[in-house]
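Shown next: target25.txt, containing compact mmCIF, C-alpha atoms and all ligand atoms.
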```txt
# COMPACT_ATOMS: atom_id res chain seq x y z
CA MET N 271 7.98 26.90 2.27
CA THR N 272 7.45 24.51 5.17
CA ASP N 273 10.41 24.22 7.58
CA SER N 274 9.62 20.81 8.85
CA PHE N 275 7.47 17.90 7.89
CA ASN N 276 5.61 15.53 10.12
CA SER N 277 5.04 11.83 9.90
CA LEU N 278 1.51 10.91 11.06
CA ARG N 279 0.74 7.25 11.76
CA MET N 280 -2.65 6.03 12.88
CA HIS N 281 -3.57 2.53 13.96
CA ALA N 282 -6.94 1.25 15.20
CA SER N 283 -7.63 -2.19 16.66
CA ARG N 284 -10.13 -4.09 18.77
CA SER N 285 -9.06 -6.87 21.16
CA GLY N 286 -5.77 -7.13 19.26
CA GLU N 287 -7.52 -7.42 15.86
CA HIS N 288 -6.38 -4.95 13.19
CA ILE N 289 -9.16 -2.56 12.13
CA CYS N 290 -7.31 0.04 10.06
CA GLY N 291 -4.25 2.22 9.81
CA ALA N 292 -2.91 5.08 7.73
CA GLU N 293 0.25 7.06 7.29
CA ARG N 294 0.88 10.56 6.00
CA LEU N 295 3.81 12.96 5.66
CA VAL N 296 2.65 16.59 5.82
CA GLY N 297 3.88 20.12 6.51
CA ASP N 298 3.29 21.85 9.86
CA ALA N 299 0.20 23.70 8.62
CA GLU N 300 -1.63 20.47 7.79
CA VAL N 301 -0.89 18.39 10.88
CA GLU N 302 -4.02 19.23 12.84
CA ALA N 303 -6.50 18.77 9.98
CA VAL N 304 -4.87 15.54 8.76
CA GLY N 305 -4.68 14.20 12.34
CA GLN N 306 -8.42 14.82 12.76
CA ALA N 307 -9.20 13.12 9.46
CA LEU N 308 -7.19 10.05 10.51
CA LEU N 309 -9.00 9.89 13.86
CA HIS N 310 -12.32 10.17 12.06
CA ARG N 311 -11.34 7.27 9.82
CA ALA N 312 -10.30 5.16 12.82
CA LEU N 313 -13.63 5.78 14.56
CA SER N 314 -15.92 5.12 11.60
CA HIS N 315 -14.36 2.22 9.73
CA PRO N 316 -16.46 -0.43 7.94
CA ARG N 317 -14.38 -3.16 9.67
CA GLY N 318 -16.05 -2.18 12.95
CA GLN N 319 -15.68 -0.12 16.08
CA ALA N 320 -12.15 0.43 17.36
CA GLY N 321 -11.31 -0.41 20.97
CA ARG N 322 -7.90 1.24 20.79
CA VAL N 323 -6.63 4.03 18.52
CA SER N 324 -3.10 5.39 18.42
CA LEU N 325 -1.99 8.47 16.53
CA CYS N 326 1.71 9.22 16.43
CA VAL N 327 3.10 12.53 15.13
CA GLU N 328 6.86 12.84 14.61
CA GLN N 329 8.87 15.67 13.08
CA VAL N 330 10.93 14.90 9.97
CA ALA N 331 13.63 17.31 8.74
CA VAL N 332 13.09 18.56 5.18
CA ASP N 333 16.64 17.71 4.12
CA GLN N 334 16.04 14.02 4.92
CA ILE N 335 13.14 13.73 2.48
CA ARG N 336 13.69 11.84 -0.75
CA ARG N 337 11.80 13.11 -3.80
CA ALA N 338 10.44 10.65 -6.34
CA ARG N 339 7.97 10.06 -9.17
CA LEU N 340 4.68 8.18 -8.79
CA LEU N 341 4.12 4.94 -10.68
CA ALA N 342 1.91 5.09 -13.76
CA LEU N 343 -1.51 3.54 -13.27
CA LYS N 344 -3.43 1.25 -15.58
CA THR N 345 -6.63 -0.68 -14.99
CA HIS N 346 -7.53 -4.28 -15.79
CA GLN N 347 -11.30 -4.50 -15.96
CA VAL N 348 -12.42 -7.98 -14.86
CA ALA N 349 -15.88 -9.49 -14.46
CA SER N 350 -15.31 -11.42 -11.21
CA TRP N 351 -12.82 -11.93 -8.38
CA PRO N 352 -11.66 -15.37 -9.60
CA GLN N 353 -10.85 -13.77 -12.94
CA GLY N 354 -9.11 -10.91 -11.11
CA ARG N 355 -6.92 -13.37 -9.19
CA GLU N 356 -6.00 -15.08 -12.46
CA VAL N 357 -4.94 -11.73 -13.87
CA ALA N 358 -2.91 -11.00 -10.71
CA ALA N 359 -1.18 -14.39 -10.98
CA ARG N 360 -0.39 -13.81 -14.65
CA LEU N 361 1.07 -10.36 -13.91
CA LEU N 362 3.20 -11.73 -11.06
CA GLU N 363 4.43 -14.63 -13.17
CA GLY N 364 5.38 -12.03 -15.80
CA HIS N 365 7.91 -10.77 -13.24
CA GLY N 366 9.53 -14.20 -13.11
CA LEU N 367 7.70 -15.46 -10.01
CA SER N 368 6.85 -19.14 -10.07
CA PRO N 369 3.21 -20.29 -10.17
CA ASP N 370 3.77 -22.01 -6.79
CA ILE N 371 4.92 -18.83 -5.05
CA THR N 372 2.15 -16.81 -6.67
CA THR N 373 -0.53 -19.32 -5.64
CA GLN N 374 0.89 -19.41 -2.11
CA ALA N 375 0.81 -15.59 -1.81
CA ILE N 376 -2.77 -15.37 -3.08
CA ALA N 377 -3.81 -18.10 -0.63
CA PHE N 378 -2.23 -16.20 2.30
CA LEU N 379 -4.28 -13.10 1.51
CA ALA N 380 -7.43 -15.12 0.79
CA HIS N 381 -7.35 -17.15 4.02
CA GLY N 382 -5.71 -14.71 6.47
CA ALA N 383 -2.01 -13.91 6.45
CA ALA N 384 -1.71 -13.40 10.25
CA ALA N 385 -3.51 -16.66 11.13
CA PRO N 386 -6.50 -18.41 9.53
CA GLY N 387 -9.25 -15.79 9.26
CA GLN N 388 -7.08 -12.92 10.50
CA VAL N 389 -5.51 -10.03 8.63
CA MET N 390 -2.06 -8.63 9.27
CA ARG N 391 -1.47 -5.08 10.36
CA GLY N 392 1.27 -4.58 7.75
CA ALA N 393 2.78 -6.28 4.72
CA MET N 394 4.17 -9.80 4.33
CA LEU N 395 7.74 -10.06 3.04
CA LEU N 396 8.08 -13.12 0.85
CA ASP N 397 11.35 -14.51 -0.48
CA ALA N 398 10.47 -14.83 -4.17
CA ALA N 399 12.81 -17.77 -4.70
CA THR N 400 11.92 -19.94 -1.69
CA GLY N 401 8.53 -18.65 -0.56
CA ALA N 402 9.88 -18.15 2.98
CA ARG N 403 8.27 -15.42 5.02
CA LEU N 404 10.90 -12.90 6.09
CA GLU N 405 8.95 -10.50 8.31
CA PRO N 406 9.95 -11.00 11.97
CA ASP N 407 6.36 -10.86 13.23
CA CYS N 408 3.76 -12.58 11.03
CA SER N 409 0.89 -10.78 12.64
CA ARG N 410 2.34 -7.27 12.55
CA GLY N 411 4.25 -7.49 9.26
CA VAL N 412 5.97 -4.34 8.05
CA ARG N 413 4.06 -1.08 7.98
CA VAL N 414 5.28 1.16 5.14
CA SER N 415 5.33 4.73 6.47
CA ARG N 416 6.53 8.30 5.91
CA MET N 417 5.32 8.83 2.35
CA ASP N 418 2.92 11.27 0.75
CA LEU N 419 2.22 13.53 -2.21
CA ASP N 420 3.86 16.90 -2.48
CA THR N 421 0.97 19.37 -1.91
CA ARG N 422 1.38 20.81 -5.42
CA LEU N 423 1.01 17.39 -7.00
CA ARG N 424 -2.27 16.40 -5.29
CA PRO N 425 -4.62 18.58 -7.41
CA LEU N 426 -2.75 17.61 -10.58
CA LEU N 427 -3.05 13.91 -9.78
CA GLU N 428 -6.74 14.19 -8.85
CA ASP N 429 -7.35 15.96 -12.12
CA HIS N 430 -5.38 13.35 -14.03
CA LEU N 431 -7.37 10.46 -12.49
CA LYS N 432 -10.79 12.15 -12.43
CA ASP N 433 -11.83 11.40 -16.00
CA ALA N 434 -11.40 7.67 -15.41
CA GLY N 435 -13.33 7.90 -12.10
CA LEU N 436 -10.15 6.97 -10.22
CA SER N 437 -9.54 10.03 -8.04
CA HIS N 438 -10.83 8.25 -4.91
CA PRO N 439 -8.55 8.82 -1.86
CA ARG N 440 -8.12 5.03 -1.40
CA ILE N 441 -6.62 4.66 -4.88
CA ILE N 442 -4.36 7.65 -4.34
CA GLU N 443 -3.18 6.27 -0.98
CA ALA N 444 -2.43 2.87 -2.45
CA LEU N 445 -0.64 4.43 -5.42
CA ILE N 446 1.59 6.38 -3.01
CA LEU N 447 2.35 3.27 -0.96
CA ALA N 448 3.12 1.15 -4.03
CA SER N 449 5.28 3.91 -5.47
CA LYS N 450 7.38 3.96 -2.29
CA VAL N 451 7.70 0.18 -2.01
CA THR N 452 8.84 -0.20 -5.62
CA LEU N 453 11.61 2.39 -5.22
CA TYR N 454 13.68 -0.31 -3.53
CA PRO N 455 15.48 -2.69 -5.88
CA GLU N 456 15.01 -5.62 -3.47
CA VAL N 457 11.26 -5.51 -4.18
CA ILE N 458 10.30 -7.37 -7.37
CA ALA N 459 6.58 -6.66 -7.09
CA GLU N 460 3.74 -6.03 -4.66
CA LEU N 461 0.31 -7.69 -4.53
CA CYS N 462 -2.53 -6.05 -2.59
CA TRP N 463 -6.19 -6.23 -1.95
CA SER N 464 -8.04 -4.45 0.81
CA ASP N 465 -9.36 -5.93 4.04
CA ASP N 466 -12.26 -3.51 3.85
CA PRO N 467 -15.42 -5.62 3.19
CA ASP N 468 -16.77 -2.99 0.76
CA TYR N 469 -13.64 -2.42 -1.32
CA LEU N 470 -13.08 -5.15 -3.88
CA ALA N 471 -10.30 -3.81 -6.12
CA GLY N 472 -6.59 -4.41 -5.69
CA TYR N 473 -3.38 -4.30 -7.65
CA VAL N 474 -0.02 -5.69 -8.67
CA ALA N 475 2.75 -3.06 -8.71
CA SER N 476 6.37 -3.02 -9.78
CA ALA N 477 9.00 -0.52 -10.88
CA GLU N 478 8.95 -1.97 -14.42
CA GLN N 479 5.20 -2.39 -14.99
CA GLY N 480 3.78 0.36 -12.76
CA TYR N 481 0.58 0.16 -10.74
CA GLN N 482 -1.77 -2.35 -12.35
CA ARG N 483 -5.19 -1.96 -10.84
CA ILE N 484 -7.51 -4.98 -10.99
CA THR N 485 -11.17 -4.13 -10.51
CA HIS N 486 -12.15 -7.26 -8.51
CA LEU N 487 -9.88 -9.35 -6.31
CA LYS N 488 -12.40 -10.53 -3.71
CA ALA N 489 -16.10 -11.09 -3.06
CA PRO N 490 -18.33 -8.41 -1.47
CA GLY N 491 -18.38 -8.68 2.34
CA ASP N 492 -15.02 -10.48 2.55
CA ARG N 493 -13.06 -9.02 5.51
CA LEU N 494 -9.74 -10.55 4.48
CA GLY N 495 -6.98 -8.91 2.45
CA GLY N 496 -3.42 -7.71 2.79
CA ARG N 497 -0.16 -6.91 1.07
CA VAL N 498 2.68 -9.14 -0.10
CA LEU N 499 6.10 -7.80 -1.09
CA PHE N 500 8.00 -10.30 -3.24
CA LEU N 501 11.71 -9.91 -2.55
CA ARG N 502 14.89 -10.90 -4.35
CA SER N 503 16.99 -13.23 -2.22
CA THR N 504 20.09 -11.05 -2.04
CA HIS N 505 19.20 -8.39 0.47
CA ASN N 506 19.75 -7.09 3.94
CA ILE N 507 16.28 -7.52 5.34
CA GLU N 508 16.78 -5.23 8.37
CA ASP N 509 17.96 -2.39 6.18
CA LEU N 510 15.09 -2.85 3.73
CA MET N 511 12.61 -2.83 6.64
CA ARG N 512 14.19 0.37 7.95
CA ARG N 513 13.80 2.10 4.57
CA LEU N 514 10.21 0.88 4.13
CA GLN N 515 9.26 2.08 7.59
CA ARG N 516 11.43 5.14 8.09
CA GLU N 517 12.77 6.70 4.90
CA PRO N 518 10.63 9.79 4.21
CA VAL N 519 9.55 10.11 0.57
CA LEU N 520 7.47 12.81 -1.11
CA PHE N 521 6.15 12.21 -4.60
CA ASP N 522 6.34 15.39 -6.64
CA ALA N 523 5.91 14.20 -10.24
CA LEU N 524 3.64 11.99 -12.33
CA ARG N 525 4.58 9.46 -14.94
CA ALA N 526 2.84 9.68 -18.26
CA GLY N 527 0.44 7.04 -19.44
CA GLU N 528 -2.92 6.07 -18.04
CA LYS N 529 -4.16 3.07 -19.94
CA HIS N 530 -7.19 0.79 -19.61
CA GLU N 531 -7.05 -2.85 -20.47
CA THR N 532 -9.71 -5.51 -20.40
CA ALA N 533 -8.50 -8.86 -19.19
P1 LIG D 601 -6.05 -1.38 3.11
O1 LIG D 601 -5.58 -1.15 1.72
O2 LIG D 601 -5.88 -0.19 3.99
O3 LIG D 601 -7.41 -1.97 3.17
O4 LIG D 601 -5.05 -2.45 3.71
C1 LIG D 601 -5.07 -3.79 3.29
C2 LIG D 601 -3.98 -4.53 4.02
O5 LIG D 601 -2.72 -4.04 3.57
C3 LIG D 601 -3.98 -4.38 5.53
O6 LIG D 601 -4.73 -5.41 6.11
C4 LIG D 601 -2.53 -4.53 5.88
O7 LIG D 601 -2.22 -5.90 6.01
C5 LIG D 601 -1.82 -3.99 4.65
N1 LIG D 601 -1.41 -2.58 4.80
C6 LIG D 601 -2.19 -1.49 4.87
N2 LIG D 601 -1.46 -0.37 5.01
C7 LIG D 601 -0.17 -0.76 5.00
C8 LIG D 601 1.08 -0.08 5.13
N3 LIG D 601 1.14 1.23 5.28
N4 LIG D 601 2.20 -0.82 5.07
C9 LIG D 601 2.14 -2.15 4.92
N5 LIG D 601 1.02 -2.85 4.82
C10 LIG D 601 -0.13 -2.18 4.86
```
Could you rewrite the structure in this file as structure tokens?
Amino acid sequence: MTDSFNSLRMHASRSGEHICGAERLVGDAEVEAVGQALLHRALSHPRGQAGRVSLCVEQVAVDQIRRARLLALKTHQVASWPQGREVAARLLEGHGLSPDITTQAIAFLAHGAAAPGQVMRGAMLLDAATGARLEPDCSRGVRVSRMDLDTRLRPLLEDHLKDAGLSHPRIIEALILASKVTLYPEVIAELCWSDDPDYLAGYVASAEQGYQRITHLKAPGDRLGGRVLFLRSTHNIEDLMRRLQREPVLFDALRAGEKHETA
């Protein structure tokens, strides 16, 4: 049994431009190996060479860690990114979001949520009723941190996803992040697609509908992407940001049901 856990947070940038980041929550025995893997990722990312890399390791007491269940995953197979964005919009509207807000959120990710042509380092927080952006810094956003799989769950999850060809670390990382974000009742849903030019899939996630993977949300070579959290209006934004960034969560159980749908 591990006595303490450690939050690892990596961020790589070049001339202020976000290249990549990652966050893990691991026991003492894994810190060195995971730290090396994060540095390797920072130094060999398809978005380009990093000019600055930071790696922060902080101890987290075991009794502070919340335990939770991962979201169930299902895939929407689409033929093109425009079709994928239509599916994303339909899924978001199914959560009661208006077409205007949905279109606005998709446009932010498509054109650069930090500034035209530039990706954010973290997630956008969007008031689902008014469309107002609630994150204090529109370039930094909110970086969701301190979440991971319980070590016993990882092989089970990989096994569970393998048959569908979905055991890639990127999918697992995103599933963990979405599962943390949707623990908080203020979050209606999350929309994400990667800023990695080679990774074209994305998802819509929510506590009710799970993690809905969409096979194409952007064109090959596109360096823009990001995350939008759609929030209910009644919330204490500072407290939500604190939980997203600081509450440690380990996922130690799966939810049943892996389903494939064709849009
Ligand atoms: P990625 O899935 O790593 O390609 O990230 C896509 C985008 O999601 C990034 O450009 C960030 O804007 C955002 N993002 C990535 N990781 C996080 C995180 N831990 N918390 C919040 N936003 C994130």
**Request:** Could you tell me, counting only C-alpha atoms and all ligand atoms, which protein and nucleic acid residues lie no more than 7 Å from ligand LIG 601 (chain D), written as a PyMOL selection string?
**Result:** chain N and resi 290-293+389-393+412-415+444+447+462-466+495-497
**Prompt:** Using all atoms listed in the file, which residue out of N:Ala398, N:Val519, N:Leu427, N:Val357 lies closest to Tyr473 of chain N?
**Reply:**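 Once distances to Tyr473 of chain N are computed over all atoms listed in the file, the minimum belongs to N:Val357.
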**Request:** For Ala377 of chain N, list every protein, DNA or RNA residue within 12 Å, evaluated using all atoms listed in the file, and leave out those in the same chain fewer than 4 positions away; present the list as a list of chain:residue names.
**Result:**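 In the requested form, the answer reads N:Arg355, N:Ala359, N:Asp370, N:Ile371, N:Thr372, N:Thr373, N:His381, N:Gly382, N:Ala383, N:Ala385, N:Pro386, N:Gly387, N:Leu461, N:Lys488, N:Leu494, N:Gly495, N:Gly496, N:Arg497, N:Val498.
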Segment 382-390 of chain N, all listed atoms, 6 Å padding on each side: what axis-aligned box centre and edge lengths in Å to one decimal come out, as lines of an AutoDock Vina configuration file?
```
center_x = -5.5
center_y = -13.5
center_z = 8.8
size_x = 19.5
size_y = 21.8
size_z = 16.7
```
**Message:** One decimal, in Å: what's the spacing between atom CA of Val301 of chain N and atom CA of Val332 of chain N?
**Reply:** 15.1 Å
**Request:** State, in Å with one decimal place, the distance from atom CA of Ala489 of chain N to atom CA of Ile376 of chain N.
**Result:** 14.0 Å
Coords for segment 416-460 of chain N, N, CA and C atoms, as a tab-separated table (two decimals), in the first residue's frame:
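The new file selection_30.tsv reads:
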```tsv
chain	number	residue	atom	x	y	z
N	416	ARG	N	-4.57	16.47	-11.01
N	416	ARG	CA	-4.68	15.56	-9.85
N	416	ARG	C	-5.74	14.49	-10.05
N	417	MET	N	-5.63	13.77	-11.18
N	417	MET	CA	-6.55	12.66	-11.41
N	417	MET	C	-5.80	11.56	-12.14
N	418	ASP	N	-6.20	10.31	-11.88
N	418	ASP	CA	-5.53	9.19	-12.53
N	418	ASP	C	-6.35	7.94	-12.32
N	419	LEU	N	-5.85	6.82	-12.90
N	419	LEU	CA	-6.45	5.52	-12.65
N	419	LEU	C	-5.79	4.90	-11.44
N	420	ASP	N	-6.55	4.18	-10.65
N	420	ASP	CA	-5.97	3.32	-9.64
N	420	ASP	C	-5.14	2.27	-10.39
N	421	THR	N	-3.95	1.92	-9.86
N	421	THR	CA	-3.06	1.03	-10.63
N	421	THR	C	-3.72	-0.31	-10.96
N	422	ARG	N	-4.64	-0.77	-10.08
N	422	ARG	CA	-5.28	-2.06	-10.38
N	422	ARG	C	-6.28	-1.95	-11.52
N	423	LEU	N	-6.79	-0.75	-11.74
N	423	LEU	CA	-7.80	-0.60	-12.80
N	423	LEU	C	-7.18	-0.52	-14.20
N	424	ARG	N	-5.94	-0.01	-14.28
N	424	ARG	CA	-5.35	0.24	-15.61
N	424	ARG	C	-5.37	-1.01	-16.51
N	425	PRO	N	-4.82	-2.17	-16.05
N	425	PRO	CA	-4.85	-3.34	-16.94
N	425	PRO	C	-6.27	-3.78	-17.29
N	426	LEU	N	-7.19	-3.63	-16.36
N	426	LEU	CA	-8.59	-4.02	-16.63
N	426	LEU	C	-9.18	-3.13	-17.72
N	427	LEU	N	-8.91	-1.83	-17.60
N	427	LEU	CA	-9.45	-0.88	-18.58
N	427	LEU	C	-8.84	-1.13	-19.96
N	428	GLU	N	-7.51	-1.33	-19.98
N	428	GLU	CA	-6.84	-1.57	-21.27
N	428	GLU	C	-7.43	-2.81	-21.94
N	429	ASP	N	-7.66	-3.81	-21.13
N	429	ASP	CA	-8.25	-5.05	-21.64
N	429	ASP	C	-9.65	-4.80	-22.20
N	430	HIS	N	-10.40	-4.03	-21.45
N	430	HIS	CA	-11.79	-3.72	-21.79
N	430	HIS	C	-11.87	-2.96	-23.12
N	431	LEU	N	-10.88	-2.06	-23.36
N	431	LEU	CA	-10.92	-1.21	-24.56
N	431	LEU	C	-10.20	-1.82	-25.75
N	432	LYS	N	-9.37	-2.84	-25.47
N	432	LYS	CA	-8.48	-3.39	-26.51
N	432	LYS	C	-9.24	-3.92	-27.72
N	433	ASP	N	-10.27	-4.67	-27.49
N	433	ASP	CA	-11.01	-5.31	-28.59
N	433	ASP	C	-11.53	-4.29	-29.59
N	434	ALA	N	-11.89	-3.11	-29.10
N	434	ALA	CA	-12.40	-2.07	-30.00
N	434	ALA	C	-11.26	-1.20	-30.54
N	435	GLY	N	-10.00	-1.56	-30.24
N	435	GLY	CA	-8.85	-0.77	-30.70
N	435	GLY	C	-8.78	0.59	-30.01
N	436	LEU	N	-9.29	0.66	-28.79
N	436	LEU	CA	-9.38	1.97	-28.11
N	436	LEU	C	-8.48	2.07	-26.87
N	437	SER	N	-7.48	1.18	-26.76
N	437	SER	CA	-6.68	1.21	-25.53
N	437	SER	C	-5.51	2.18	-25.62
N	438	HIS	N	-5.55	3.08	-26.61
N	438	HIS	CA	-4.48	4.07	-26.77
N	438	HIS	C	-4.40	4.98	-25.54
N	439	PRO	N	-3.15	5.30	-25.07
N	439	PRO	CA	-3.02	6.15	-23.88
N	439	PRO	C	-3.77	7.49	-23.99
N	440	ARG	N	-3.85	8.05	-25.19
N	440	ARG	CA	-4.54	9.35	-25.35
N	440	ARG	C	-6.01	9.23	-24.98
N	441	ILE	N	-6.64	8.12	-25.41
N	441	ILE	CA	-8.06	7.93	-25.12
N	441	ILE	C	-8.23	7.73	-23.61
N	442	ILE	N	-7.33	6.96	-23.04
N	442	ILE	CA	-7.45	6.70	-21.59
N	442	ILE	C	-7.27	8.00	-20.81
N	443	GLU	N	-6.29	8.81	-21.21
N	443	GLU	CA	-6.07	10.10	-20.53
N	443	GLU	C	-7.30	11.00	-20.62
N	444	ALA	N	-7.87	11.06	-21.82
N	444	ALA	CA	-9.04	11.93	-22.00
N	444	ALA	C	-10.24	11.40	-21.22
N	445	LEU	N	-10.37	10.08	-21.17
N	445	LEU	CA	-11.47	9.48	-20.41
N	445	LEU	C	-11.34	9.81	-18.91
N	446	ILE	N	-10.11	9.80	-18.42
N	446	ILE	CA	-9.88	10.13	-17.01
N	446	ILE	C	-10.24	11.60	-16.76
N	447	LEU	N	-9.77	12.47	-17.66
N	447	LEU	CA	-10.05	13.90	-17.49
N	447	LEU	C	-11.56	14.17	-17.52
N	448	ALA	N	-12.23	13.59	-18.52
N	448	ALA	CA	-13.68	13.83	-18.66
N	448	ALA	C	-14.43	13.25	-17.46
N	449	SER	N	-13.93	12.13	-16.94
N	449	SER	CA	-14.61	11.51	-15.79
N	449	SER	C	-14.46	12.39	-14.55
N	450	LYS	N	-13.33	13.10	-14.43
N	450	LYS	CA	-13.19	14.02	-13.29
N	450	LYS	C	-14.10	15.23	-13.47
N	451	VAL	N	-14.04	15.84	-14.64
N	451	VAL	CA	-14.79	17.08	-14.90
N	451	VAL	C	-16.29	16.88	-14.64
N	452	THR	N	-16.80	15.71	-15.07
N	452	THR	CA	-18.25	15.48	-14.99
N	452	THR	C	-18.70	14.99	-13.61
N	453	LEU	N	-17.76	14.90	-12.67
N	453	LEU	CA	-18.15	14.59	-11.28
N	453	LEU	C	-18.86	15.79	-10.66
N	454	TYR	N	-18.58	16.99	-11.20
N	454	TYR	CA	-19.06	18.20	-10.55
N	454	TYR	C	-20.40	18.63	-11.15
N	455	PRO	N	-21.41	18.78	-10.30
N	455	PRO	CA	-22.75	19.05	-10.82
N	455	PRO	C	-22.88	20.37	-11.59
N	456	GLU	N	-21.94	21.29	-11.40
N	456	GLU	CA	-21.98	22.56	-12.15
N	456	GLU	C	-21.72	22.33	-13.64
N	457	VAL	N	-21.04	21.21	-13.97
N	457	VAL	CA	-20.65	20.97	-15.37
N	457	VAL	C	-21.77	20.19	-16.07
N	458	ILE	N	-22.37	20.81	-17.07
N	458	ILE	CA	-23.42	20.13	-17.85
N	458	ILE	C	-22.77	19.14	-18.82
N	459	ALA	N	-21.75	19.58	-19.50
N	459	ALA	CA	-21.10	18.72	-20.50
N	459	ALA	C	-19.73	19.31	-20.85
N	460	GLU	N	-18.91	18.49	-21.47
N	460	GLU	CA	-17.60	18.93	-21.96
N	460	GLU	C	-17.50	18.60	-23.45
```
